[in-house]
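**Student:** So here's run-v4.pdb (PDB, C-alpha atoms).
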ATOM      1  CA  MET O   1      29.222 -60.457  97.928  1.00  0.00           C
ATOM      2  CA  ALA O   2      26.342 -62.781  98.871  1.00  0.00           C
ATOM      3  CA  HIS O   3      24.614 -59.962 100.760  1.00  0.00           C
ATOM      4  CA  THR O   4      24.775 -57.810  97.629  1.00  0.00           C
ATOM      5  CA  VAL O   5      23.735 -60.423  95.106  1.00  0.00           C
ATOM      6  CA  PHE O   6      20.780 -61.895  97.012  1.00  0.00           C
ATOM      7  CA  PRO O   7      18.548 -58.786  96.988  1.00  0.00           C
ATOM      8  CA  LEU O   8      19.188 -58.334  93.270  1.00  0.00           C
ATOM      9  CA  LEU O   9      18.342 -61.951  92.498  1.00  0.00           C
ATOM     10  CA  LEU O  10      15.205 -61.617  94.598  1.00  0.00           C
ATOM     11  CA  ALA O  11      14.211 -58.481  92.720  1.00  0.00           C
ATOM     12  CA  LEU O  12      14.718 -60.217  89.381  1.00  0.00           C
ATOM     13  CA  LEU O  13      12.474 -63.058  90.514  1.00  0.00           C
ATOM     14  CA  LEU O  14       9.833 -60.619  91.748  1.00  0.00           C
ATOM     15  CA  VAL O  15       9.559 -58.889  88.396  1.00  0.00           C
ATOM     16  CA  GLY O  16       8.209 -62.091  86.909  1.00  0.00           C
ATOM     17  CA  ALA O  17       6.040 -62.957  89.910  1.00  0.00           C
ATOM     18  CA  THR O  18       2.332 -62.904  89.133  1.00  0.00           C
ATOM     19  CA  GLY O  19      -0.763 -64.373  90.647  1.00  0.00           C
ATOM     20  CA  ARG O  20      -3.106 -61.780  92.130  1.00  0.00           C
ATOM     21  CA  VAL O  21      -3.390 -58.473  93.900  1.00  0.00           C
ATOM     22  CA  GLU O  22      -2.230 -59.122  97.450  1.00  0.00           C
ATOM     23  CA  PRO O  23      -5.170 -58.618  99.883  1.00  0.00           C
ATOM     24  CA  ALA O  24      -2.803 -57.956 102.799  1.00  0.00           C
ATOM     25  CA  LEU O  25       0.895 -57.204 103.048  1.00  0.00           C
ATOM     26  CA  THR O  26       2.732 -59.606 105.325  1.00  0.00           C
ATOM     27  CA  PRO O  27       6.279 -58.857 106.540  1.00  0.00           C
ATOM     28  CA  ARG O  28       7.595 -61.177 103.798  1.00  0.00           C
ATOM     29  CA  LEU O  29       5.678 -59.319 101.085  1.00  0.00           C
ATOM     30  CA  LEU O  30       6.840 -55.976 102.435  1.00  0.00           C
ATOM     31  CA  ASP O  31      10.451 -57.190 102.262  1.00  0.00           C
ATOM     32  CA  GLU O  32       9.906 -58.316  98.662  1.00  0.00           C
ATOM     33  CA  ALA O  33       8.408 -54.955  97.660  1.00  0.00           C
ATOM     34  CA  LEU O  34      11.275 -53.100  99.333  1.00  0.00           C
ATOM     35  CA  SER O  35      13.782 -55.285  97.457  1.00  0.00           C
ATOM     36  CA  VAL O  36      12.306 -54.201  94.126  1.00  0.00           C
ATOM     37  CA  GLY O  37      12.072 -50.526  95.053  1.00  0.00           C
ATOM     38  CA  GLN O  38      15.612 -50.418  96.407  1.00  0.00           C
ATOM     39  CA  SER O  39      17.160 -52.278  93.473  1.00  0.00           C
ATOM     40  CA  ARG O  40      19.897 -50.302  91.737  1.00  0.00           C
ATOM     41  CA  ILE O  41      19.089 -52.053  88.451  1.00  0.00           C
ATOM     42  CA  GLU O  42      16.762 -49.712  86.562  1.00  0.00           C
ATOM     43  CA  SER O  43      15.604 -52.439  84.167  1.00  0.00           C
ATOM     44  CA  VAL O  44      14.366 -54.502  87.130  1.00  0.00           C
ATOM     45  CA  ARG O  45      12.147 -51.668  88.313  1.00  0.00           C
ATOM     46  CA  ALA O  46      10.980 -50.823  84.788  1.00  0.00           C
ATOM     47  CA  ARG O  47       9.933 -54.436  84.101  1.00  0.00           C
ATOM     48  CA  PHE O  48       8.071 -54.579  87.402  1.00  0.00           C
ATOM     49  CA  HIS O  49       6.062 -51.405  86.679  1.00  0.00           C
ATOM     50  CA  GLN O  50       5.250 -52.190  83.036  1.00  0.00           C
ATOM     51  CA  PRO O  51       2.064 -54.296  83.548  1.00  0.00           C
ATOM     52  CA  TYR O  52       0.616 -51.684  85.916  1.00  0.00           C
ATOM     53  CA  ARG O  53       0.334 -49.070  83.148  1.00  0.00           C
ATOM     54  CA  LEU O  54      -2.632 -49.384  80.799  1.00  0.00           C
ATOM     55  CA  GLN O  55      -2.399 -47.366  77.609  1.00  0.00           C
ATOM     56  CA  ILE O  56      -5.564 -45.615  76.390  1.00  0.00           C
ATOM     57  CA  ALA O  57      -4.467 -42.933  73.895  1.00  0.00           C
ATOM     58  CA  ARG O  58      -8.004 -41.635  73.429  1.00  0.00           C
ATOM     59  CA  PRO O  59      -7.971 -37.889  74.109  1.00  0.00           C
ATOM     60  CA  PRO O  60      -8.015 -36.515  76.672  1.00  0.00           C
ATOM     61  CA  PHE O  61      -7.109 -39.843  78.345  1.00  0.00           C
ATOM     62  CA  ASP O  62      -3.492 -40.977  78.043  1.00  0.00           C
ATOM     63  CA  TYR O  63      -3.108 -43.993  80.316  1.00  0.00           C
ATOM     64  CA  VAL O  64      -4.120 -45.579  83.617  1.00  0.00           C
ATOM     65  CA  ASP O  65      -1.622 -46.399  86.359  1.00  0.00           C
ATOM     66  CA  VAL O  66      -2.750 -49.111  88.774  1.00  0.00           C
ATOM     67  CA  VAL O  67      -1.323 -48.674  92.266  1.00  0.00           C
ATOM     68  CA  THR O  68      -1.840 -51.700  94.508  1.00  0.00           C
ATOM     69  CA  PRO O  69      -0.608 -51.691  98.122  1.00  0.00           C
ATOM     70  CA  PHE O  70       2.359 -53.870  97.077  1.00  0.00           C
ATOM     71  CA  ARG O  71       3.290 -51.471  94.272  1.00  0.00           C
ATOM     72  CA  ARG O  72       2.806 -48.478  96.569  1.00  0.00           C
ATOM     73  CA  VAL O  73       5.580 -49.839  98.812  1.00  0.00           C
ATOM     74  CA  VAL O  74       7.794 -50.270  95.746  1.00  0.00           C
ATOM     75  CA  LEU O  75       7.132 -46.644  94.751  1.00  0.00           C
ATOM     76  CA  LEU O  76       7.802 -45.388  98.280  1.00  0.00           C
ATOM     77  CA  ALA O  77      11.093 -47.278  98.379  1.00  0.00           C
ATOM     78  CA  GLU O  78      12.040 -45.932  94.943  1.00  0.00           C
ATOM     79  CA  ASP O  79      11.348 -42.349  96.003  1.00  0.00           C
ATOM     80  CA  ARG O  80      13.550 -42.697  99.074  1.00  0.00           C
ATOM     81  CA  THR O  81      16.299 -44.431  97.104  1.00  0.00           C
ATOM     82  CA  ASN O  82      16.262 -41.685  94.471  1.00  0.00           C
ATOM     83  CA  LEU O  83      16.722 -39.154  97.285  1.00  0.00           C
ATOM     84  CA  GLY O  84      19.730 -41.090  98.519  1.00  0.00           C
ATOM     85  CA  ILE O  85      17.924 -42.451 101.596  1.00  0.00           C
ATOM     86  CA  ARG O  86      18.741 -46.078 102.270  1.00  0.00           C
ATOM     87  CA  GLY O  87      17.562 -48.541 104.914  1.00  0.00           C
ATOM     88  CA  PHE O  88      13.781 -48.239 104.510  1.00  0.00           C
ATOM     89  CA  THR O  89      12.447 -50.765 107.040  1.00  0.00           C
ATOM     90  CA  THR O  90       9.224 -52.770 106.957  1.00  0.00           C
ATOM     91  CA  ARG O  91       8.014 -50.830 110.005  1.00  0.00           C
ATOM     92  CA  GLU O  92       8.589 -47.531 108.202  1.00  0.00           C
ATOM     93  CA  ALA O  93       6.821 -48.915 105.129  1.00  0.00           C
ATOM     94  CA  VAL O  94       3.764 -49.853 107.185  1.00  0.00           C
ATOM     95  CA  ASP O  95       3.681 -46.382 108.739  1.00  0.00           C
ATOM     96  CA  ALA O  96       4.064 -44.726 105.330  1.00  0.00           C
ATOM     97  CA  LEU O  97       1.221 -46.800 103.866  1.00  0.00           C
ATOM     98  CA  GLY O  98      -1.231 -45.846 106.592  1.00  0.00           C
ATOM     99  CA  THR O  99      -4.840 -46.269 105.483  1.00  0.00           C
ATOM    100  CA  GLN O 100      -3.704 -46.863 101.892  1.00  0.00           C
ATOM    101  CA  ALA O 101      -2.637 -50.390 102.859  1.00  0.00           C
ATOM    102  CA  GLY O 102      -6.143 -51.594 101.971  1.00  0.00           C
ATOM    103  CA  VAL O 103      -6.712 -49.513  98.829  1.00  0.00           C
ATOM    104  CA  VAL O 104      -6.094 -50.046  95.103  1.00  0.00           C
ATOM    105  CA  GLU O 105      -5.893 -46.806  93.126  1.00  0.00           C
ATOM    106  CA  PHE O 106      -6.554 -46.371  89.419  1.00  0.00           C
ATOM    107  CA  ARG O 107      -4.832 -43.152  88.345  1.00  0.00           C
ATOM    108  CA  VAL O 108      -6.086 -41.868  85.011  1.00  0.00           C
ATOM    109  CA  GLU O 109      -3.657 -39.435  83.379  1.00  0.00           C
ATOM    110  CA  MET O 110      -5.090 -36.849  80.988  1.00  0.00           C
ATOM    111  CA  THR O 111      -3.783 -34.218  78.583  1.00  0.00           C
ATOM    112  CA  PHE O 112      -6.185 -31.468  77.534  1.00  0.00           C
ATOM    113  CA  HIS O 113      -6.314 -29.677  74.192  1.00  0.00           C
ATOM    114  CA  PRO O 114      -4.009 -26.618  74.218  1.00  0.00           C
ATOM    115  CA  GLN O 115      -7.017 -24.375  73.538  1.00  0.00           C
ATOM    116  CA  ASN O 116      -9.187 -25.810  76.305  1.00  0.00           C
ATOM    117  CA  VAL O 117     -11.274 -23.408  78.391  1.00  0.00           C
ATOM    118  CA  PHE O 118     -11.444 -25.582  81.516  1.00  0.00           C
ATOM    119  CA  ILE O 119     -11.079 -23.838  84.860  1.00  0.00           C
ATOM    120  CA  GLY O 120     -10.690 -27.204  86.589  1.00  0.00           C
ATOM    121  CA  VAL O 121     -10.671 -30.919  85.844  1.00  0.00           C
ATOM    122  CA  PRO O 122     -14.033 -31.942  84.309  1.00  0.00           C
ATOM    123  CA  GLY O 123     -16.304 -34.140  86.410  1.00  0.00           C
ATOM    124  CA  TYR O 124     -15.277 -37.398  84.777  1.00  0.00           C
ATOM    125  CA  ASP O 125     -16.191 -40.591  86.613  1.00  0.00           C
ATOM    126  CA  VAL O 126     -14.220 -43.835  86.908  1.00  0.00           C
ATOM    127  CA  GLU O 127     -15.814 -47.258  87.384  1.00  0.00           C
ATOM    128  CA  LEU O 128     -14.722 -50.879  87.080  1.00  0.00           C
ATOM    129  CA  ALA O 129     -16.829 -53.056  84.782  1.00  0.00           C
ATOM    130  CA  THR O 130     -16.739 -56.850  84.689  1.00  0.00           C
ATOM    131  CA  PRO O 131     -16.458 -57.832  81.003  1.00  0.00           C
ATOM    132  CA  GLY O 132     -19.557 -59.558  79.617  1.00  0.00           C
ATOM    133  CA  THR O 133     -21.770 -58.561  82.547  1.00  0.00           C
ATOM    134  CA  PRO O 134     -23.635 -55.400  83.610  1.00  0.00           C
ATOM    135  CA  GLU O 135     -21.779 -55.412  86.923  1.00  0.00           C
ATOM    136  CA  ARG O 136     -20.113 -52.122  87.843  1.00  0.00           C
ATOM    137  CA  LEU O 137     -17.989 -51.206  90.843  1.00  0.00           C
ATOM    138  CA  THR O 138     -17.862 -47.590  91.939  1.00  0.00           C
ATOM    139  CA  PRO O 139     -14.887 -46.226  93.881  1.00  0.00           C
ATOM    140  CA  LYS O 140     -15.145 -45.029  97.442  1.00  0.00           C
ATOM    141  CA  GLU O 141     -13.856 -41.688  96.178  1.00  0.00           C
ATOM    142  CA  VAL O 142     -12.499 -39.984  93.055  1.00  0.00           C
ATOM    143  CA  MET O 143     -10.004 -37.137  93.334  1.00  0.00           C
ATOM    144  CA  ARG O 144      -9.686 -34.839  90.324  1.00  0.00           C
ATOM    145  CA  LEU O 145      -6.245 -33.243  90.360  1.00  0.00           C
ATOM    146  CA  PRO O 146      -5.370 -30.468  87.886  1.00  0.00           C
ATOM    147  CA  ARG O 147      -1.977 -30.207  86.185  1.00  0.00           C
ATOM    148  CA  PHE O 148      -0.521 -26.867  85.205  1.00  0.00           C
ATOM    149  CA  GLY O 149       2.328 -26.865  82.743  1.00  0.00           C
ATOM    150  CA  PRO O 150       4.085 -30.011  81.487  1.00  0.00           C
ATOM    151  CA  ARG O 151       3.753 -33.446  83.079  1.00  0.00           C
ATOM    152  CA  ILE O 152       6.820 -34.468  85.056  1.00  0.00           C
ATOM    153  CA  ASP O 153       7.461 -38.171  84.662  1.00  0.00           C
ATOM    154  CA  GLY O 154       8.004 -40.102  87.858  1.00  0.00           C
ATOM    155  CA  THR O 155       5.868 -37.897  90.071  1.00  0.00           C
ATOM    156  CA  GLN O 156       2.864 -39.355  91.830  1.00  0.00           C
ATOM    157  CA  PRO O 157      -0.287 -37.405  92.696  1.00  0.00           C
ATOM    158  CA  ALA O 158      -0.445 -37.433  96.475  1.00  0.00           C
ATOM    159  CA  PRO O 159      -2.249 -34.319  97.676  1.00  0.00           C
ATOM    160  CA  ALA O 160      -2.567 -33.542 101.359  1.00  0.00           C
ATOM    161  CA  GLY O 161      -5.672 -31.985 102.801  1.00  0.00           C
ATOM    162  CA  GLY O 162      -7.992 -32.699  99.882  1.00  0.00           C
ATOM    163  CA  PRO O 163      -7.978 -31.767  96.175  1.00  0.00           C
ATOM    164  CA  PRO O 164      -5.819 -28.771  95.302  1.00  0.00           C
ATOM    165  CA  ASP O 165      -7.251 -25.396  94.375  1.00  0.00           C
ATOM    166  CA  PRO O 166      -7.137 -25.111  90.543  1.00  0.00           C
ATOM    167  CA  ARG O 167      -6.270 -21.433  90.913  1.00  0.00           C
ATOM    168  CA  ARG O 168      -2.874 -22.302  92.392  1.00  0.00           C
ATOM    169  CA  GLY O 169      -1.465 -22.692  88.889  1.00  0.00           C
ATOM    170  CA  GLY O 170      -1.236 -18.898  88.628  1.00  0.00           C
ATOM    171  CA  SER O 171      -0.566 -17.893  85.045  1.00  0.00           C
ATOM    172  CA  LEU O 172       0.232 -21.428  83.908  1.00  0.00           C
ATOM    173  CA  PRO O 173      -2.372 -23.035  81.622  1.00  0.00           C
ATOM    174  CA  LEU O 174      -4.406 -26.050  82.698  1.00  0.00           C
ATOM    175  CA  THR O 175      -2.724 -28.648  80.502  1.00  0.00           C
ATOM    176  CA  GLY O 176      -4.092 -31.854  82.009  1.00  0.00           C
ATOM    177  CA  GLY O 177      -4.988 -33.666  85.169  1.00  0.00           C
ATOM    178  CA  THR O 178      -5.247 -36.935  87.047  1.00  0.00           C
ATOM    179  CA  LEU O 179      -8.313 -38.860  88.189  1.00  0.00           C
ATOM    180  CA  VAL O 180      -7.486 -40.924  91.268  1.00  0.00           C
ATOM    181  CA  ALA O 181     -10.176 -43.568  91.852  1.00  0.00           C
ATOM    182  CA  ALA O 182      -9.762 -45.538  95.087  1.00  0.00           C
ATOM    183  CA  PHE O 183     -11.240 -49.021  95.568  1.00  0.00           C
ATOM    184  CA  PRO O 184     -10.986 -51.025  98.813  1.00  0.00           C
ATOM    185  CA  VAL O 185      -9.022 -54.219  98.166  1.00  0.00           C
ATOM    186  CA  GLY O 186     -11.829 -56.302  99.672  1.00  0.00           C
ATOM    187  CA  THR O 187     -14.303 -55.168  97.007  1.00  0.00           C
ATOM    188  CA  LEU O 188     -12.156 -56.506  94.151  1.00  0.00           C
ATOM    189  CA  ASN O 189     -11.688 -59.986  92.758  1.00  0.00           C
ATOM    190  CA  ALA O 190      -7.939 -60.324  93.310  1.00  0.00           C
ATOM    191  CA  THR O 191      -7.580 -62.540  90.210  1.00  0.00           C
ATOM    192  CA  GLY O 192     -10.324 -60.912  88.151  1.00  0.00           C
ATOM    193  CA  THR O 193     -10.350 -58.956  84.907  1.00  0.00           C
ATOM    194  CA  TYR O 194     -11.939 -55.511  84.795  1.00  0.00           C
ATOM    195  CA  ASP O 195     -12.485 -52.710  82.346  1.00  0.00           C
ATOM    196  CA  VAL O 196     -11.542 -49.311  83.772  1.00  0.00           C
ATOM    197  CA  VAL O 197     -14.335 -47.140  82.374  1.00  0.00           C
ATOM    198  CA  MET O 198     -14.122 -43.349  82.146  1.00  0.00           C
ATOM    199  CA  SER O 199     -17.417 -41.523  81.654  1.00  0.00           C
ATOM    200  CA  GLU O 200     -19.132 -38.161  81.967  1.00  0.00           C
ATOM    201  CA  MET O 201     -22.762 -37.899  83.083  1.00  0.00           C
ATOM    202  CA  GLY O 202     -23.297 -41.577  82.226  1.00  0.00           C
ATOM    203  CA  LYS O 203     -21.747 -41.361  78.740  1.00  0.00           C
ATOM    204  CA  GLU O 204     -18.773 -43.660  78.275  1.00  0.00           C
ATOM    205  CA  LEU O 205     -15.681 -41.879  76.962  1.00  0.00           C
ATOM    206  CA  ALA O 206     -12.940 -44.521  77.107  1.00  0.00           C
ATOM    207  CA  ARG O 207     -11.949 -47.788  78.741  1.00  0.00           C
ATOM    208  CA  ALA O 208      -8.878 -49.920  79.387  1.00  0.00           C
ATOM    209  CA  ARG O 209      -8.708 -53.562  80.484  1.00  0.00           C
ATOM    210  CA  VAL O 210      -6.692 -54.798  83.454  1.00  0.00           C
ATOM    211  CA  ASN O 211      -6.065 -58.361  84.604  1.00  0.00           C
ATOM    212  CA  LEU O 212      -5.450 -58.280  88.347  1.00  0.00           C
ATOM    213  CA  ALA O 213      -4.056 -61.807  88.187  1.00  0.00           C
ATOM    214  CA  GLY O 214      -1.004 -60.314  86.476  1.00  0.00           C
ATOM    215  CA  LEU O 215      -0.359 -57.802  89.264  1.00  0.00           C
ATOM    216  CA  ARG O 216       0.620 -57.967  92.938  1.00  0.00           C
TER     217      ARG O 216
END
Spell out the structure here as structure tokens.
**Tutor:**
Amino acid sequence: MAHTVFPLLLALLLVGATGRVEPALTPRLLDEALSVGQSRIESVRARFHQPYRLQIARPPFDYVDVVTPFRRVVLLAEDRTNLGIRGFTTREAVDALGTQAGVVEFRVEMTFHPQNVFIGVPGYDVELATPGTPERLTPKEVMRLPRFGPRIDGTQPAPAGGPPDPRRGGSLPLTGGTLVAAFPVGTLNATGTYDVVMSEMGKELARARVNLAGLR
């Protein structure tokens, strides 16, 4: 019984844990992330993920999902658990993270007007602005991923071999897309507050505020 209860208690404690974005994942932190992702209590996982989603609701932008290295391990563990695969080890987590262990992603989800004439995701840019200052951080890269048909909740954009060909949707309409802006952890203030700014050719279109001190 103790072996069963302890991971669940740990996961419950982790949901409320705040402080900063972790600059590096130690074995202890990896174990904590795995405990959340492997929890069988859905409300535990839902409460953990809640502060990482920033609502925008300014068309075509729906929301921003922040994916820190710690949260990426949680998501990886969740995916495996949902597939019925148990026993995800810290070594496997490190291997699965790869170069993403030092990256924070800001994933901007979009829904386009049903009568749009886009043949691909528009060239929107994503930057981080420090409130009250002119300081801007630009990502090391921005991937623009098209979505054909309805959005499927729970899926994560993780293309292999570069951005997908927009023509692969066949006869399905281009209904939306995802901007994936990657920032090296070392370029961010781990306890700072930023505005995630979406723009096109220098014209601001929308923004959402994130407090990294409330994430891990």
**Student:** Can you pull out the residues contacting Phe88 in chain O? Cut-off 9 Å, using only C-alpha atoms, and skip same-chain residues under 3 positions away; I want them as a VMD selection string.
**Tutor:** chain O and resid 34 38 77 80 to 81 85 91 to 93
**Student:** Written as number ranges by chain, what is the full residue list that the PyMOL selection byres ((chain O and resi 100-110) around 7) yields on the file shown?
**Tutor:** O: 60-69, 97-99, 111-112, 176-185
**Student:** Tell me, as a PyMOL selection string, which residues lie within 9 Å of Pro114 in chain O, counting all atoms listed in the file; anything in the same chain fewer than 5 positions away does not count.
**Tutor:** chain O and resi 173-175
**Student:** Rank nothing, just name the residue among O:Val74, O:Thr90, O:Thr193, O:Met198 nearest to Asp31 in chain O, using all atoms listed in the file.
**Tutor:**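 For Asp31 in chain O, the nearest of the candidates is O:Thr90.
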**Student:** Could you jot down the CA of His113 in chain O to CA of Pro150 in chain O separation for me, Å, one decimal place?
**Tutor:**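 These two atoms are separated by 12.7 Å.
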**Student:** My list of candidates is O:Thr187, O:Asn211, O:Ser199, O:Ser35. Which is closest to Arg71 in chain O when distances are computed with all atoms listed in the file?
**Tutor:** O:Ser35
**Student:** At what distance in Å, to one decimal, does CA of Glu78 in chain O lie from CA of Val121 in chain O?
**Tutor:**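 These two atoms are separated by 28.7 Å.
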**Student:** Between O:Gly186, O:Pro146, O:Gly132, O:Pro122, which residue has the minimum interatomic distance to Glu200 in chain O, considering all atoms listed in the file?
**Tutor:**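 The closest residue to Glu200 in chain O is O:Pro122.
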**Student:** Check the smallest atom-to-atom distance from each of O:Val94, O:Pro27, O:Phe70, O:Pro134 to Phe48 in chain O using only C-alpha atoms, then report the winner.
**Tutor:**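 Comparing O:Val94, O:Pro27, O:Phe70, O:Pro134 against Phe48 in chain O, the winner is O:Phe70.
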**Student:** Rank O:Leu188, O:Ile41, O:Ile152, O:Val21 by their smallest atom-to-atom distance to Leu215 in chain O, using only C-alpha atoms, and report the top residue only.
**Tutor:**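 Among O:Leu188, O:Ile41, O:Ile152, O:Val21, it is O:Val21 that comes nearest to Leu215 in chain O.
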